[in-house]
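Engineer: Take a look at the following structure, please.
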Amino acid sequence: MVKEIFINNTKKSLLAGVLIGLGVIINLQANNPALGALLFSFGLLTIVEMQLFLYTGKIGFVTTNSQITIPTVISILVFNCLGIAATIGLYALGNQNFVGLISAAAAIKFSKTIITLFINACFCGALIHFAVKNKVTILTIFAVMIFILIGAEHCIADFPYLLFNFSPISLLKFISIVIGNSLGAILIERLSK
């Protein structure tokens, strides 16, 4: 029984990472930022509809739902990152222009200060938690578009940028994004009770 639950959770987490990876791919290649942000929302809409496991969609419930534990969300985070890494890696193998796009975007992203990334991640965590909790299509689309257009940081969507611009400082900045997403989501959940 435990093994079946682990396998099911792993699949749901990997697939969520794949869907966010598709969002990153289209968003990076869209000539119009609003269109890219709109199309990115396909990933979160599908995740919500299919009841998949996305770290930023689950972490907010860790203090209010006894079934969502710290080990569970850490596992979700790891498998989300593996899913997005596989998606971006496979796409990059067949699209050399994309490698240039994501490398340039990664350099810009990780040139920001750790405080800026943390604050932007808090906003994203709050928006994604709000979208997942409400499960209303238009709110989900707006939440995703807003976080992208204001430059907020999403730890799963940002993971491939870390891979294309890896350094110890970038890793610390990525960890600050994870913490910011977590704090934003948890605060929204606690305030909405």
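If you're wondering about the labels, chains in the structure tokens are A, B, ... by order shown, residues count from 1 in each chain, ligands from 1 in order shown.
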So that each row is one residue of stretch 133-192 of chain A with an atom at most 10 Å from stretch 75-84 of chain A, can you give its shortest atom pair and the distance in Å to one decimal, using only C-alpha atoms, rows by chain and rising number, as a tab-separated table?
Structural biologist:
residue	atom	partner	partner_atom	distance
A:Cys155	CA	A:Cys81	CA	8.7
A:Ile156	CA	A:Cys81	CA	6.0
A:Ala157	CA	A:Ile84	CA	7.6
A:Asp158	CA	A:Cys81	CA	9.3
A:Phe159	CA	A:Cys81	CA	6.4
A:Pro160	CA	A:Ile84	CA	7.1
A:Val178	CA	A:Leu77	CA	9.1
Engineer: Skipping near chain neighbours, those fewer than 3 positions away, what residues fall within 10 Å of A:Phe40 using only C-alpha atoms, listed as a PyMOL selection string?
Structural biologist: chain A and resi 19-28+34-37+43-45+141+144-145+148
Engineer: Could you write those residues out with all heavy atoms, as a tab-separated table (two decimals), in the first residue's frame?
Structural biologist:
chain	number	residue	atom	x	y	z
A	19	LEU	N	4.60	19.53	-17.03
A	19	LEU	CA	3.66	20.57	-17.48
A	19	LEU	C	4.21	21.98	-17.24
A	19	LEU	O	4.05	22.86	-18.09
A	19	LEU	CB	2.31	20.39	-16.79
A	19	LEU	CG	1.53	19.18	-17.30
A	19	LEU	CD1	0.42	18.81	-16.33
A	19	LEU	CD2	0.97	19.44	-18.70
A	20	ILE	N	4.86	22.18	-16.12
A	20	ILE	CA	5.47	23.49	-15.88
A	20	ILE	C	6.62	23.70	-16.88
A	20	ILE	O	6.83	24.81	-17.37
A	20	ILE	CB	5.96	23.63	-14.41
A	20	ILE	CG1	4.76	23.54	-13.45
A	20	ILE	CG2	6.72	24.94	-14.20
A	20	ILE	CD1	3.68	24.59	-13.64
A	21	GLY	N	7.33	22.63	-17.23
A	21	GLY	CA	8.38	22.73	-18.24
A	21	GLY	C	7.84	23.19	-19.58
A	21	GLY	O	8.44	24.02	-20.26
A	22	LEU	N	6.69	22.66	-19.97
A	22	LEU	CA	6.06	23.10	-21.22
A	22	LEU	C	5.71	24.58	-21.15
A	22	LEU	O	5.85	25.32	-22.13
A	22	LEU	CB	4.82	22.26	-21.53
A	22	LEU	CG	5.08	20.79	-21.85
A	22	LEU	CD1	3.77	20.02	-21.96
A	22	LEU	CD2	5.89	20.67	-23.14
A	23	GLY	N	5.25	25.03	-19.97
A	23	GLY	CA	4.95	26.44	-19.79
A	23	GLY	C	6.19	27.31	-19.95
A	23	GLY	O	6.16	28.37	-20.58
A	24	VAL	N	7.31	26.87	-19.39
A	24	VAL	CA	8.57	27.61	-19.52
A	24	VAL	C	8.98	27.69	-20.98
A	24	VAL	O	9.37	28.75	-21.47
A	24	VAL	CB	9.68	26.96	-18.66
A	24	VAL	CG1	11.05	27.53	-19.00
A	24	VAL	CG2	9.38	27.11	-17.18
A	25	ILE	N	8.87	26.58	-21.68
A	25	ILE	CA	9.27	26.54	-23.10
A	25	ILE	C	8.47	27.54	-23.92
A	25	ILE	O	9.04	28.34	-24.67
A	25	ILE	CB	9.11	25.10	-23.66
A	25	ILE	CG1	10.17	24.19	-23.05
A	25	ILE	CG2	9.20	25.10	-25.18
A	25	ILE	CD1	9.92	22.70	-23.27
A	26	ILE	N	7.16	27.54	-23.78
A	26	ILE	CA	6.34	28.45	-24.58
A	26	ILE	C	6.53	29.90	-24.14
A	26	ILE	O	6.59	30.81	-24.96
A	26	ILE	CB	4.83	28.05	-24.59
A	26	ILE	CG1	4.06	28.87	-25.61
A	26	ILE	CG2	4.21	28.21	-23.22
A	26	ILE	CD1	4.50	28.72	-27.04
A	27	ASN	N	6.64	30.11	-22.85
A	27	ASN	CA	6.80	31.48	-22.36
A	27	ASN	C	8.10	32.10	-22.85
A	27	ASN	O	8.12	33.28	-23.22
A	27	ASN	CB	6.73	31.51	-20.83
A	27	ASN	CG	6.72	32.92	-20.29
A	27	ASN	OD1	5.95	33.77	-20.73
A	27	ASN	ND2	7.57	33.18	-19.34
A	28	LEU	N	9.17	31.34	-22.86
A	28	LEU	CA	10.45	31.86	-23.33
A	28	LEU	C	10.45	32.20	-24.82
A	28	LEU	O	11.16	33.09	-25.24
A	28	LEU	CB	11.57	30.85	-23.05
A	28	LEU	CG	12.29	30.96	-21.73
A	28	LEU	CD1	13.29	29.84	-21.57
A	28	LEU	CD2	12.96	32.31	-21.57
A	34	ALA	N	2.49	38.94	-22.75
A	34	ALA	CA	1.15	38.59	-22.24
A	34	ALA	C	0.69	37.26	-22.82
A	34	ALA	O	0.09	36.44	-22.11
A	34	ALA	CB	0.15	39.70	-22.57
A	35	LEU	N	0.97	37.02	-24.08
A	35	LEU	CA	0.60	35.75	-24.70
A	35	LEU	C	1.38	34.60	-24.07
A	35	LEU	O	0.82	33.54	-23.77
A	35	LEU	CB	0.83	35.78	-26.21
A	35	LEU	CG	0.52	34.49	-26.97
A	35	LEU	CD1	-0.96	34.12	-26.81
A	35	LEU	CD2	0.89	34.62	-28.44
A	36	GLY	N	2.67	34.81	-23.85
A	36	GLY	CA	3.48	33.78	-23.20
A	36	GLY	C	2.97	33.45	-21.81
A	36	GLY	O	2.87	32.29	-21.43
A	37	ALA	N	2.58	34.48	-21.05
A	37	ALA	CA	2.04	34.28	-19.71
A	37	ALA	C	0.71	33.55	-19.76
A	37	ALA	O	0.44	32.66	-18.94
A	37	ALA	CB	1.89	35.63	-19.00
A	43	GLY	N	-0.25	24.91	-18.06
A	43	GLY	CA	0.37	23.96	-17.15
A	43	GLY	C	-0.36	23.87	-15.82
A	43	GLY	O	-0.72	22.78	-15.37
A	44	LEU	N	-0.59	25.03	-15.19
A	44	LEU	CA	-1.26	25.00	-13.88
A	44	LEU	C	-2.72	24.58	-14.01
A	44	LEU	O	-3.24	23.86	-13.15
A	44	LEU	CB	-1.15	26.36	-13.17
A	44	LEU	CG	-1.65	26.36	-11.73
A	44	LEU	CD1	-0.91	25.33	-10.87
A	44	LEU	CD2	-1.52	27.74	-11.11
A	45	LEU	N	-3.39	25.01	-15.07
A	45	LEU	CA	-4.77	24.57	-15.28
A	45	LEU	C	-4.86	23.05	-15.37
A	45	LEU	O	-5.75	22.43	-14.78
A	45	LEU	CB	-5.35	25.20	-16.55
A	45	LEU	CG	-5.67	26.68	-16.47
A	45	LEU	CD1	-5.95	27.23	-17.87
A	45	LEU	CD2	-6.85	26.95	-15.55
A	141	ILE	N	-5.82	31.39	-14.40
A	141	ILE	CA	-5.16	32.06	-15.54
A	141	ILE	C	-4.61	33.41	-15.10
A	141	ILE	O	-3.45	33.74	-15.38
A	141	ILE	CB	-6.15	32.22	-16.72
A	141	ILE	CG1	-6.49	30.86	-17.31
A	141	ILE	CG2	-5.58	33.16	-17.78
A	141	ILE	CD1	-7.64	30.86	-18.29
A	144	VAL	N	-1.48	33.08	-12.78
A	144	VAL	CA	-0.26	32.73	-13.53
A	144	VAL	C	0.22	33.93	-14.35
A	144	VAL	O	1.41	34.26	-14.33
A	144	VAL	CB	-0.50	31.51	-14.44
A	144	VAL	CG1	0.67	31.28	-15.38
A	144	VAL	CG2	-0.74	30.26	-13.59
A	145	MET	N	-0.70	34.58	-15.04
A	145	MET	CA	-0.30	35.73	-15.85
A	145	MET	C	0.30	36.84	-14.99
A	145	MET	O	1.32	37.43	-15.35
A	145	MET	CB	-1.48	36.26	-16.66
A	145	MET	CG	-1.90	35.32	-17.78
A	145	MET	SD	-3.21	36.02	-18.81
A	145	MET	CE	-2.27	37.26	-19.73
A	148	ILE	N	3.87	35.96	-13.74
A	148	ILE	CA	4.87	36.05	-14.82
A	148	ILE	C	5.11	37.50	-15.22
A	148	ILE	O	6.25	37.95	-15.35
A	148	ILE	CB	4.45	35.19	-16.02
A	148	ILE	CG1	4.56	33.71	-15.65
A	148	ILE	CG2	5.32	35.51	-17.25
A	148	ILE	CD1	4.01	32.77	-16.68
Engineer: Using only C-alpha atoms, which residues sit within 6 Å of A:Ala152 once same-chain residues fewer than 3 positions away are excluded, as a list in words?
Structural biologist: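 Close residues of A:Ala152: Asn120, Ala121, Cys124, Phe147 and Ile148 of chain A.
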Engineer: Create the file for the chosen residues now, containing all heavy atoms and written as a PDB file, in the first residue's frame.
Structural biologist:
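As written to disk, selection10.pdb reads:
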ATOM      1  N   ASN A 120      10.074  38.431  -4.583  1.00  0.00           N
ATOM      2  CA  ASN A 120       9.300  38.061  -5.773  1.00  0.00           C
ATOM      3  C   ASN A 120       8.718  36.654  -5.636  1.00  0.00           C
ATOM      4  O   ASN A 120       7.615  36.376  -6.102  1.00  0.00           O
ATOM      5  CB  ASN A 120      10.162  38.159  -7.023  1.00  0.00           C
ATOM      6  CG  ASN A 120      10.496  39.594  -7.391  1.00  0.00           C
ATOM      7  OD1 ASN A 120       9.895  40.533  -6.876  1.00  0.00           O
ATOM      8  ND2 ASN A 120      11.459  39.770  -8.269  1.00  0.00           N
ATOM      9  N   ALA A 121       9.452  35.765  -4.985  1.00  0.00           N
ATOM     10  CA  ALA A 121       8.977  34.396  -4.783  1.00  0.00           C
ATOM     11  C   ALA A 121       7.809  34.357  -3.795  1.00  0.00           C
ATOM     12  O   ALA A 121       6.886  33.549  -3.949  1.00  0.00           O
ATOM     13  CB  ALA A 121      10.125  33.508  -4.294  1.00  0.00           C
ATOM     14  N   CYS A 124       4.753  35.134  -5.757  1.00  0.00           N
ATOM     15  CA  CYS A 124       4.367  33.993  -6.593  1.00  0.00           C
ATOM     16  C   CYS A 124       3.722  32.897  -5.750  1.00  0.00           C
ATOM     17  O   CYS A 124       2.696  32.330  -6.135  1.00  0.00           O
ATOM     18  CB  CYS A 124       5.575  33.441  -7.342  1.00  0.00           C
ATOM     19  SG  CYS A 124       5.164  32.042  -8.396  1.00  0.00           S
ATOM     20  N   PHE A 147       1.795  36.547 -11.991  1.00  0.00           N
ATOM     21  CA  PHE A 147       3.124  36.228 -11.454  1.00  0.00           C
ATOM     22  C   PHE A 147       4.193  36.325 -12.532  1.00  0.00           C
ATOM     23  O   PHE A 147       5.307  36.790 -12.265  1.00  0.00           O
ATOM     24  CB  PHE A 147       3.131  34.890 -10.692  1.00  0.00           C
ATOM     25  CG  PHE A 147       3.699  33.693 -11.382  1.00  0.00           C
ATOM     26  CD1 PHE A 147       5.047  33.578 -11.650  1.00  0.00           C
ATOM     27  CD2 PHE A 147       2.875  32.621 -11.719  1.00  0.00           C
ATOM     28  CE1 PHE A 147       5.579  32.448 -12.259  1.00  0.00           C
ATOM     29  CE2 PHE A 147       3.398  31.494 -12.322  1.00  0.00           C
ATOM     30  CZ  PHE A 147       4.749  31.402 -12.603  1.00  0.00           C
ATOM     31  N   ILE A 148       3.871  35.961 -13.742  1.00  0.00           N
ATOM     32  CA  ILE A 148       4.867  36.054 -14.818  1.00  0.00           C
ATOM     33  C   ILE A 148       5.110  37.502 -15.220  1.00  0.00           C
ATOM     34  O   ILE A 148       6.247  37.950 -15.345  1.00  0.00           O
ATOM     35  CB  ILE A 148       4.445  35.191 -16.023  1.00  0.00           C
ATOM     36  CG1 ILE A 148       4.555  33.712 -15.651  1.00  0.00           C
ATOM     37  CG2 ILE A 148       5.316  35.513 -17.247  1.00  0.00           C
ATOM     38  CD1 ILE A 148       4.006  32.768 -16.685  1.00  0.00           C
TER      39      ILE A 148
END
Engineer: With only C-alpha atoms as the counted atoms, please give the residues lying no more than 7 Å from stretch 179-190 of chain A, apart from itself and same-chain residues fewer than 2 positions off, as a PyMOL selection string.
Structural biologist: chain A and resi 56+59-61+118-119+121-126+129+154+175-177+192-193
Engineer: Keeping only C-alpha atoms, take the residues you just selected and write them out as an mmCIF file, in the first residue's frame.
Structural biologist:
data_model
loop_
_atom_site.group_PDB
_atom_site.id
_atom_site.type_symbol
_atom_site.label_atom_id
_atom_site.label_comp_id
_atom_site.auth_asym_id
_atom_site.auth_seq_id
_atom_site.Cartn_x
_atom_site.Cartn_y
_atom_site.Cartn_z
ATOM 1 C CA THR A 56 3.831 25.501 -4.910
ATOM 2 C CA ILE A 59 3.247 23.724 0.438
ATOM 3 C CA GLY A 60 0.636 26.226 1.621
ATOM 4 C CA PHE A 61 -1.436 23.430 3.122
ATOM 5 C CA PHE A 118 12.943 36.041 -2.189
ATOM 6 C CA ILE A 119 10.380 38.866 -2.209
ATOM 7 C CA ALA A 121 8.977 34.396 -4.783
ATOM 8 C CA CYS A 122 6.709 35.289 -1.856
ATOM 9 C CA PHE A 123 4.329 37.000 -4.279
ATOM 10 C CA CYS A 124 4.367 33.993 -6.593
ATOM 11 C CA GLY A 125 3.750 31.553 -3.734
ATOM 12 C CA ALA A 126 0.740 33.585 -2.634
ATOM 13 C CA HIS A 129 -1.692 29.026 -3.617
ATOM 14 C CA HIS A 154 8.355 30.172 -9.169
ATOM 15 C CA ILE A 175 16.879 28.088 -2.217
ATOM 16 C CA SER A 176 15.674 31.613 -1.361
ATOM 17 C CA ILE A 177 13.053 31.228 -4.120
ATOM 18 C CA SER A 192 -7.641 32.785 4.633
ATOM 19 C CA LYS A 193 -8.663 30.646 7.624
#
Engineer: For the atom pair atom CA of A:Pro71 and atom CA of A:Gly17, what is the interatomic distance in Å to one decimal place?
Structural biologist: 17.9 Å
Engineer: Can you measure atom CA of A:Val73 to atom CA of A:Lys58 for me? One decimal in Å is fine.
Structural biologist: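 For atom CA of A:Val73 relative to atom CA of A:Lys58, the distance reads 6.8 Å.
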Engineer: Between atom CA of A:Ser167 and atom CA of A:Phe98, what is the distance, to one decimal in Å?
Structural biologist: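 Pair atom CA of A:Ser167 / atom CA of A:Phe98 returns 20.9 Å.
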Engineer: Which of these residues is nearest to A:Ser41, using only C-alpha atoms: A:Ile169, A:Leu14, A:Ile138, A:Ala107?
Structural biologist: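 Using only C-alpha atoms, the shortest distance to A:Ser41 belongs to A:Ile138.
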Engineer: Given only C-alpha atoms as the basis, pick out the residue of A:Leu117, A:Leu127, A:Val99, A:Val132 nearest to A:Phe53.
Structural biologist: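 The shortest atom-to-atom distance to A:Phe53 comes from A:Val132.
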Engineer: Quick one: residues within 10 Å of A:Ser170, only C-alpha atoms counted, chain neighbours fewer than 5 positions away excluded, as a PyMOL selection string?
Structural biologist: chain A and resi 106-107+109-112+114+161-163+165+175-176
Engineer: Export, as a PDB file, in the first residue's frame, the selected residues with N, CA and C atoms.
Structural biologist:
ATOM      1  N   ALA A 106      18.556  32.788 -17.901  1.00  0.00           N
ATOM      2  CA  ALA A 106      19.115  32.323 -16.622  1.00  0.00           C
ATOM      3  C   ALA A 106      20.126  33.327 -16.075  1.00  0.00           C
ATOM      4  N   ALA A 107      20.956  33.868 -16.952  1.00  0.00           N
ATOM      5  CA  ALA A 107      21.952  34.855 -16.520  1.00  0.00           C
ATOM      6  C   ALA A 107      21.276  36.093 -15.946  1.00  0.00           C
ATOM      7  N   LYS A 109      18.128  36.235 -14.697  1.00  0.00           N
ATOM      8  CA  LYS A 109      17.398  35.848 -13.481  1.00  0.00           C
ATOM      9  C   LYS A 109      18.330  35.798 -12.275  1.00  0.00           C
ATOM     10  N   PHE A 110      19.465  35.141 -12.416  1.00  0.00           N
ATOM     11  CA  PHE A 110      20.350  34.966 -11.274  1.00  0.00           C
ATOM     12  C   PHE A 110      21.314  36.130 -11.073  1.00  0.00           C
ATOM     13  N   SER A 111      21.123  37.206 -11.853  1.00  0.00           N
ATOM     14  CA  SER A 111      21.871  38.437 -11.572  1.00  0.00           C
ATOM     15  C   SER A 111      21.129  39.274 -10.530  1.00  0.00           C
ATOM     16  N   LYS A 112      19.879  38.938 -10.243  1.00  0.00           N
ATOM     17  CA  LYS A 112      19.097  39.651  -9.229  1.00  0.00           C
ATOM     18  C   LYS A 112      19.626  39.300  -7.839  1.00  0.00           C
ATOM     19  N   ILE A 114      19.529  38.228  -3.873  1.00  0.00           N
ATOM     20  CA  ILE A 114      18.818  37.169  -3.156  1.00  0.00           C
ATOM     21  C   ILE A 114      17.545  37.717  -2.506  1.00  0.00           C
ATOM     22  N   TYR A 161      16.541  27.210 -15.061  1.00  0.00           N
ATOM     23  CA  TYR A 161      17.466  28.338 -15.139  1.00  0.00           C
ATOM     24  C   TYR A 161      18.676  28.093 -14.253  1.00  0.00           C
ATOM     25  N   LEU A 162      18.437  27.467 -13.099  1.00  0.00           N
ATOM     26  CA  LEU A 162      19.544  27.110 -12.218  1.00  0.00           C
ATOM     27  C   LEU A 162      20.493  26.149 -12.930  1.00  0.00           C
ATOM     28  N   LEU A 163      19.934  25.189 -13.640  1.00  0.00           N
ATOM     29  CA  LEU A 163      20.774  24.208 -14.347  1.00  0.00           C
ATOM     30  C   LEU A 163      21.614  24.857 -15.447  1.00  0.00           C
ATOM     31  N   ASN A 165      22.681  27.965 -15.358  1.00  0.00           N
ATOM     32  CA  ASN A 165      23.525  29.018 -14.789  1.00  0.00           C
ATOM     33  C   ASN A 165      23.969  28.597 -13.385  1.00  0.00           C
ATOM     34  N   ILE A 175      17.430  28.482  -3.520  1.00  0.00           N
ATOM     35  CA  ILE A 175      16.879  28.088  -2.217  1.00  0.00           C
ATOM     36  C   ILE A 175      16.029  29.225  -1.641  1.00  0.00           C
ATOM     37  N   SER A 176      16.474  30.475  -1.841  1.00  0.00           N
ATOM     38  CA  SER A 176      15.674  31.613  -1.361  1.00  0.00           C
ATOM     39  C   SER A 176      14.339  31.685  -2.091  1.00  0.00           C
TER      40      SER A 176
END
